[in-house]
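*Asks:* The structure is given below, and queries will be raised subsequently.
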Amino acid sequence: QVQLRESGGGLVQPGGSLRLSCAASGFIFGIDVMGWYRQAPGKQRELVATITTGGTTTYADSVTARFTISRDNAKNAVYLQMNTLKPEDTAVYYCHAIRFNRHYWGQGTQVTVSS
């Protein structure tokens, strides 16, 4: 099993920044893609950004140029730097990992963008 623990969520004003962190533990050998998803109230969970072991990244169109995903393979961690936050970024953000075609999720961290 893989355990994922997120941290770094909170309340921020529009235009502000937050950095989310996710640490993987357990059976971490073989983890390939890691990433972030989010779910706003009344909406489906959606992809935010992903990064492979080799550093290839993908982003949702809505966050491109504002969010940056990074990864520290030695620490088994993935990060999401979120800049120029907007109220529509408000959601629970979930860390995600794929290991040998099995999907793992963290419990989520709340991000609220409001004045």
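Following the order of the structure tokens, first chain is A, next is B, and so on, with residues numbered from 1 inside each chain and ligands from 1 in the order they appear.
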With a distance cut-off of 8 Å and only C-alpha atoms, select the neighbouring residues of Cys95 in chain A, excluding the residue or stretch itself and same-chain residues fewer than 3 positions from it, and output the selection as a PyMOL selection string.
*Replies:* chain A and resi 4-6+22+34-37+105-108
*Asks:* Restrict the selected residues to all heavy atoms and save them as an mmCIF file, in the first residue's frame.
*Replies:*
```
data_model
loop_
_atom_site.group_PDB
_atom_site.id
_atom_site.type_symbol
_atom_site.label_atom_id
_atom_site.label_comp_id
_atom_site.auth_asym_id
_atom_site.auth_seq_id
_atom_site.Cartn_x
_atom_site.Cartn_y
_atom_site.Cartn_z
ATOM 1 N N LEU A 4 -0.492 8.593 1.133
ATOM 2 C CA LEU A 4 -0.196 9.945 0.674
ATOM 3 C C LEU A 4 -0.753 10.939 1.689
ATOM 4 O O LEU A 4 -1.916 10.852 2.069
ATOM 5 C CB LEU A 4 -0.833 10.198 -0.698
ATOM 6 C CG LEU A 4 -0.417 9.254 -1.818
ATOM 7 C CD1 LEU A 4 -1.254 9.502 -3.066
ATOM 8 C CD2 LEU A 4 1.063 9.409 -2.136
ATOM 9 N N ARG A 5 0.096 11.847 2.116
ATOM 10 C CA ARG A 5 -0.331 12.837 3.104
ATOM 11 C C ARG A 5 -0.077 14.232 2.554
ATOM 12 O O ARG A 5 1.072 14.597 2.278
ATOM 13 C CB ARG A 5 0.408 12.655 4.416
ATOM 14 C CG ARG A 5 0.064 13.717 5.465
ATOM 15 C CD ARG A 5 0.747 13.435 6.784
ATOM 16 N NE ARG A 5 0.219 12.229 7.408
ATOM 17 C CZ ARG A 5 0.624 11.784 8.600
ATOM 18 N NH1 ARG A 5 1.548 12.434 9.257
ATOM 19 N NH2 ARG A 5 0.108 10.687 9.098
ATOM 20 N N GLU A 6 -1.171 15.010 2.437
ATOM 21 C CA GLU A 6 -1.067 16.380 1.934
ATOM 22 C C GLU A 6 -0.926 17.370 3.081
ATOM 23 O O GLU A 6 -1.388 17.111 4.199
ATOM 24 C CB GLU A 6 -2.311 16.773 1.121
ATOM 25 C CG GLU A 6 -2.640 15.865 -0.041
ATOM 26 C CD GLU A 6 -3.744 14.884 0.290
ATOM 27 O OE1 GLU A 6 -3.928 14.562 1.492
ATOM 28 O OE2 GLU A 6 -4.439 14.429 -0.646
ATOM 29 N N CYS A 22 2.962 16.979 -0.687
ATOM 30 C CA CYS A 22 2.427 15.629 -0.517
ATOM 31 C C CYS A 22 3.600 14.679 -0.336
ATOM 32 O O CYS A 22 4.506 14.633 -1.179
ATOM 33 C CB CYS A 22 1.596 15.223 -1.727
ATOM 34 S SG CYS A 22 1.058 13.501 -1.712
ATOM 35 N N MET A 34 2.830 11.058 -10.323
ATOM 36 C CA MET A 34 2.215 11.683 -9.148
ATOM 37 C C MET A 34 1.550 12.975 -9.615
ATOM 38 O O MET A 34 1.925 13.552 -10.647
ATOM 39 C CB MET A 34 3.244 11.985 -8.073
ATOM 40 C CG MET A 34 3.906 10.745 -7.505
ATOM 41 S SD MET A 34 4.978 11.093 -6.097
ATOM 42 C CE MET A 34 3.752 11.367 -4.803
ATOM 43 N N GLY A 35 0.569 13.392 -8.853
ATOM 44 C CA GLY A 35 -0.102 14.610 -9.286
ATOM 45 C C GLY A 35 -1.106 15.133 -8.289
ATOM 46 O O GLY A 35 -1.193 14.647 -7.156
ATOM 47 N N TRP A 36 -1.831 16.142 -8.736
ATOM 48 C CA TRP A 36 -2.843 16.793 -7.924
ATOM 49 C C TRP A 36 -4.163 16.868 -8.688
ATOM 50 O O TRP A 36 -4.180 17.177 -9.884
ATOM 51 C CB TRP A 36 -2.395 18.210 -7.559
ATOM 52 C CG TRP A 36 -1.197 18.250 -6.675
ATOM 53 C CD1 TRP A 36 0.108 18.318 -7.047
ATOM 54 C CD2 TRP A 36 -1.209 18.195 -5.243
ATOM 55 N NE1 TRP A 36 0.919 18.314 -5.947
ATOM 56 C CE2 TRP A 36 0.141 18.251 -4.819
ATOM 57 C CE3 TRP A 36 -2.206 18.126 -4.268
ATOM 58 C CZ2 TRP A 36 0.499 18.221 -3.476
ATOM 59 C CZ3 TRP A 36 -1.850 18.100 -2.936
ATOM 60 C CH2 TRP A 36 -0.515 18.154 -2.551
ATOM 61 N N TYR A 37 -5.231 16.578 -7.978
ATOM 62 C CA TYR A 37 -6.580 16.748 -8.467
ATOM 63 C C TYR A 37 -7.308 17.648 -7.484
ATOM 64 O O TYR A 37 -6.844 17.851 -6.361
ATOM 65 C CB TYR A 37 -7.308 15.404 -8.565
ATOM 66 C CG TYR A 37 -6.843 14.531 -9.694
ATOM 67 C CD1 TYR A 37 -5.572 13.957 -9.709
ATOM 68 C CD2 TYR A 37 -7.678 14.269 -10.777
ATOM 69 C CE1 TYR A 37 -5.156 13.160 -10.756
ATOM 70 C CE2 TYR A 37 -7.274 13.461 -11.831
ATOM 71 C CZ TYR A 37 -6.010 12.911 -11.804
ATOM 72 O OH TYR A 37 -5.608 12.110 -12.847
ATOM 73 N N TRP A 105 -4.800 7.688 -3.402
ATOM 74 C CA TRP A 105 -5.248 9.049 -3.133
ATOM 75 C C TRP A 105 -4.954 9.446 -1.703
ATOM 76 O O TRP A 105 -5.047 8.618 -0.789
ATOM 77 C CB TRP A 105 -6.762 9.164 -3.355
ATOM 78 C CG TRP A 105 -7.189 8.909 -4.765
ATOM 79 C CD1 TRP A 105 -7.568 7.724 -5.311
ATOM 80 C CD2 TRP A 105 -7.274 9.883 -5.816
ATOM 81 N NE1 TRP A 105 -7.876 7.894 -6.643
ATOM 82 C CE2 TRP A 105 -7.710 9.208 -6.973
ATOM 83 C CE3 TRP A 105 -7.030 11.254 -5.888
ATOM 84 C CZ2 TRP A 105 -7.900 9.857 -8.188
ATOM 85 C CZ3 TRP A 105 -7.218 11.899 -7.100
ATOM 86 C CH2 TRP A 105 -7.648 11.205 -8.232
ATOM 87 N N GLY A 106 -4.636 10.722 -1.514
ATOM 88 C CA GLY A 106 -4.571 11.278 -0.188
ATOM 89 C C GLY A 106 -5.961 11.652 0.295
ATOM 90 O O GLY A 106 -6.946 11.518 -0.440
ATOM 91 N N GLN A 107 -6.042 12.140 1.518
ATOM 92 C CA GLN A 107 -7.343 12.485 2.088
ATOM 93 C C GLN A 107 -7.797 13.878 1.701
ATOM 94 O O GLN A 107 -8.960 14.227 1.908
ATOM 95 C CB GLN A 107 -7.293 12.348 3.613
ATOM 96 C CG GLN A 107 -7.154 10.894 4.069
ATOM 97 C CD GLN A 107 -7.404 10.733 5.551
ATOM 98 O OE1 GLN A 107 -7.199 11.644 6.333
ATOM 99 N NE2 GLN A 107 -7.842 9.549 5.942
ATOM 100 N N GLY A 108 -6.905 14.665 1.143
ATOM 101 C CA GLY A 108 -7.275 15.986 0.654
ATOM 102 C C GLY A 108 -6.949 17.109 1.617
ATOM 103 O O GLY A 108 -6.916 16.911 2.833
#
```
*Asks:* Residues within 9 Å of range 82-90 of chain A, please, as a list in words. Count only C-alpha atoms; anything in the same chain fewer than 4 positions from it doesn't count.
*Replies:*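 Counting only C-alpha atoms, the residues come to Val12, Gln13, Pro14, Gly15, Gly16, Ser17, Leu18, Arg19, Leu20, Arg38, Gln39, Ala40, Pro41, Val63, Ala65, Arg66, Phe67, Thr68, Ile69, Gln110, Val111, Thr112, Val113, Ser114 and Ser115 of chain A.
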*Asks:* Could you dump the residues just selected with N, CA and C atoms as a PDB file, in the first residue's frame?
*Replies:*
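Final file, selection.pdb:
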```pdb
ATOM      1  N   VAL A  12      -6.687  31.958   1.552  1.00  0.00           N
ATOM      2  CA  VAL A  12      -5.825  32.964   0.938  1.00  0.00           C
ATOM      3  C   VAL A  12      -6.695  33.944   0.163  1.00  0.00           C
ATOM      4  N   GLN A  13      -6.250  35.177   0.062  1.00  0.00           N
ATOM      5  CA  GLN A  13      -6.987  36.185  -0.698  1.00  0.00           C
ATOM      6  C   GLN A  13      -6.742  36.015  -2.195  1.00  0.00           C
ATOM      7  N   PRO A  14      -7.685  36.467  -3.006  1.00  0.00           N
ATOM      8  CA  PRO A  14      -7.456  36.421  -4.460  1.00  0.00           C
ATOM      9  C   PRO A  14      -6.153  37.111  -4.837  1.00  0.00           C
ATOM     10  N   GLY A  15      -5.418  36.476  -5.750  1.00  0.00           N
ATOM     11  CA  GLY A  15      -4.117  36.999  -6.134  1.00  0.00           C
ATOM     12  C   GLY A  15      -2.972  36.467  -5.307  1.00  0.00           C
ATOM     13  N   GLY A  16      -3.291  35.776  -4.222  1.00  0.00           N
ATOM     14  CA  GLY A  16      -2.260  35.257  -3.341  1.00  0.00           C
ATOM     15  C   GLY A  16      -1.686  33.932  -3.809  1.00  0.00           C
ATOM     16  N   SER A  17      -0.812  33.368  -2.984  1.00  0.00           N
ATOM     17  CA  SER A  17      -0.119  32.126  -3.320  1.00  0.00           C
ATOM     18  C   SER A  17      -0.203  31.126  -2.171  1.00  0.00           C
ATOM     19  N   LEU A  18      -0.147  29.865  -2.535  1.00  0.00           N
ATOM     20  CA  LEU A  18      -0.045  28.772  -1.575  1.00  0.00           C
ATOM     21  C   LEU A  18       0.831  27.689  -2.183  1.00  0.00           C
ATOM     22  N   ARG A  19       1.457  26.903  -1.314  1.00  0.00           N
ATOM     23  CA  ARG A  19       2.249  25.767  -1.781  1.00  0.00           C
ATOM     24  C   ARG A  19       1.761  24.511  -1.071  1.00  0.00           C
ATOM     25  N   LEU A  20       1.305  23.562  -1.860  1.00  0.00           N
ATOM     26  CA  LEU A  20       0.866  22.288  -1.318  1.00  0.00           C
ATOM     27  C   LEU A  20       2.008  21.280  -1.390  1.00  0.00           C
ATOM     28  N   ARG A  38      -8.452  18.178  -7.899  1.00  0.00           N
ATOM     29  CA  ARG A  38      -9.250  18.990  -6.996  1.00  0.00           C
ATOM     30  C   ARG A  38     -10.733  18.751  -7.228  1.00  0.00           C
ATOM     31  N   GLN A  39     -11.497  19.004  -6.168  1.00  0.00           N
ATOM     32  CA  GLN A  39     -12.948  18.851  -6.257  1.00  0.00           C
ATOM     33  C   GLN A  39     -13.608  20.000  -5.542  1.00  0.00           C
ATOM     34  N   ALA A  40     -14.337  20.790  -6.298  1.00  0.00           N
ATOM     35  CA  ALA A  40     -15.091  21.905  -5.730  1.00  0.00           C
ATOM     36  C   ALA A  40     -16.493  21.417  -5.344  1.00  0.00           C
ATOM     37  N   PRO A  41     -17.160  22.111  -4.435  1.00  0.00           N
ATOM     38  CA  PRO A  41     -18.510  21.687  -4.024  1.00  0.00           C
ATOM     39  C   PRO A  41     -19.457  21.565  -5.216  1.00  0.00           C
ATOM     40  N   VAL A  63      -5.133  26.232 -15.077  1.00  0.00           N
ATOM     41  CA  VAL A  63      -4.077  26.572 -14.117  1.00  0.00           C
ATOM     42  C   VAL A  63      -2.731  26.819 -14.784  1.00  0.00           C
ATOM     43  N   ALA A  65       0.387  28.326 -16.346  1.00  0.00           N
ATOM     44  CA  ALA A  65       1.066  29.622 -16.152  1.00  0.00           C
ATOM     45  C   ALA A  65       0.821  30.206 -14.766  1.00  0.00           C
ATOM     46  N   ARG A  66      -0.049  29.576 -13.980  1.00  0.00           N
ATOM     47  CA  ARG A  66      -0.249  30.039 -12.594  1.00  0.00           C
ATOM     48  C   ARG A  66       0.255  29.015 -11.577  1.00  0.00           C
ATOM     49  N   PHE A  67       0.107  27.741 -11.897  1.00  0.00           N
ATOM     50  CA  PHE A  67       0.509  26.675 -10.982  1.00  0.00           C
ATOM     51  C   PHE A  67       1.757  25.968 -11.534  1.00  0.00           C
ATOM     52  N   THR A  68       2.600  25.487 -10.626  1.00  0.00           N
ATOM     53  CA  THR A  68       3.775  24.722 -11.012  1.00  0.00           C
ATOM     54  C   THR A  68       3.870  23.475 -10.149  1.00  0.00           C
ATOM     55  N   ILE A  69       3.954  22.323 -10.801  1.00  0.00           N
ATOM     56  CA  ILE A  69       4.127  21.066 -10.077  1.00  0.00           C
ATOM     57  C   ILE A  69       5.600  20.689 -10.109  1.00  0.00           C
ATOM     58  N   GLN A 110      -7.972  21.376   2.106  1.00  0.00           N
ATOM     59  CA  GLN A 110      -8.875  22.426   1.632  1.00  0.00           C
ATOM     60  C   GLN A 110      -8.084  23.678   1.256  1.00  0.00           C
ATOM     61  N   VAL A 111      -8.391  24.206   0.091  1.00  0.00           N
ATOM     62  CA  VAL A 111      -7.868  25.503  -0.352  1.00  0.00           C
ATOM     63  C   VAL A 111      -9.070  26.414  -0.580  1.00  0.00           C
ATOM     64  N   THR A 112      -9.082  27.541   0.108  1.00  0.00           N
ATOM     65  CA  THR A 112     -10.167  28.504  -0.026  1.00  0.00           C
ATOM     66  C   THR A 112      -9.583  29.847  -0.431  1.00  0.00           C
ATOM     67  N   VAL A 113     -10.072  30.373  -1.543  1.00  0.00           N
ATOM     68  CA  VAL A 113      -9.612  31.670  -2.052  1.00  0.00           C
ATOM     69  C   VAL A 113     -10.768  32.652  -1.912  1.00  0.00           C
ATOM     70  N   SER A 114     -10.613  33.564  -0.985  1.00  0.00           N
ATOM     71  CA  SER A 114     -11.710  34.489  -0.682  1.00  0.00           C
ATOM     72  C   SER A 114     -11.161  35.738  -0.026  1.00  0.00           C
ATOM     73  N   SER A 115     -11.828  36.861  -0.285  1.00  0.00           N
ATOM     74  CA  SER A 115     -11.450  38.109   0.373  1.00  0.00           C
ATOM     75  C   SER A 115     -12.285  38.316   1.632  1.00  0.00           C
TER      76      SER A 115
END
```
*Asks:* Which of these residues is nearest to Asn73 in chain A, using only C-alpha atoms: A:Leu11, A:Ile31, A:Ala97, A:Val2?
*Replies:*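 Closest to Asn73 in chain A of all the choices is A:Ile31.
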*Asks:* Which residue, A:Glu46, A:Ala74, A:Ile98, A:Leu80, has the smallest gap to Asp61 in chain A when you use only C-alpha atoms?
*Replies:*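 Of A:Glu46, A:Ala74, A:Ile98, A:Leu80, the one nearest Asp61 in chain A, counting only C-alpha atoms, is A:Glu46.
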*Asks:* Return the single residue from A:Ala77, A:Gly55, A:Gln3, A:Tyr104 that is closest to Ser21 in chain A, with distances computed using only C-alpha atoms.
*Replies:*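 Answer, going by the shortest atom-to-atom distance: A:Ala77.
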*Asks:* Looking at A:Thr57, A:Ser7, A:Gln44, A:Gln81, which one is nearest to Ala24 in chain A, with distances taken over only C-alpha atoms?
*Replies:*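 Looking at the shortest contact to Ala24 in chain A, the residue is A:Ser7.
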*Asks:* Between CA of Ala60 in chain A and CA of Leu47 in chain A, measure the distance and give it in Å to one decimal.
*Replies:*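 That distance, rounded to one decimal, is 6.4 Å.
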*Asks:* Quick one: pick out all strand (DSSP E or B) residues within chain A from a backbone DSSP run and write them as a ChimeraX atom specification.
*Replies:* /A:2-7,10-12,18-26,31-39,46-51,57-59,67-72,77-82,91-99,102-105,109-113
*Asks:* Taking into account only C-alpha atoms, which residue in the set A:Val92, A:Arg102, A:Gly30, A:Ser70 is nearest to Thr58 in chain A?
*Replies:* A:Ser70
*Asks:* Please compute the CA of Arg45 in chain A-CA of Ser62 in chain A distance, one decimal, in Å.
*Replies:*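 Separation of CA of Arg45 in chain A and CA of Ser62 in chain A: 14.0 Å.
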*Asks:* Here is a test: counting only C-alpha atoms, which residue of A:Gly8, A:Ser25, A:Asp32, A:Gln1 is nearest to Arg99 in chain A?
*Replies:*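 So, comparing all the options, the nearest one is A:Asp32.
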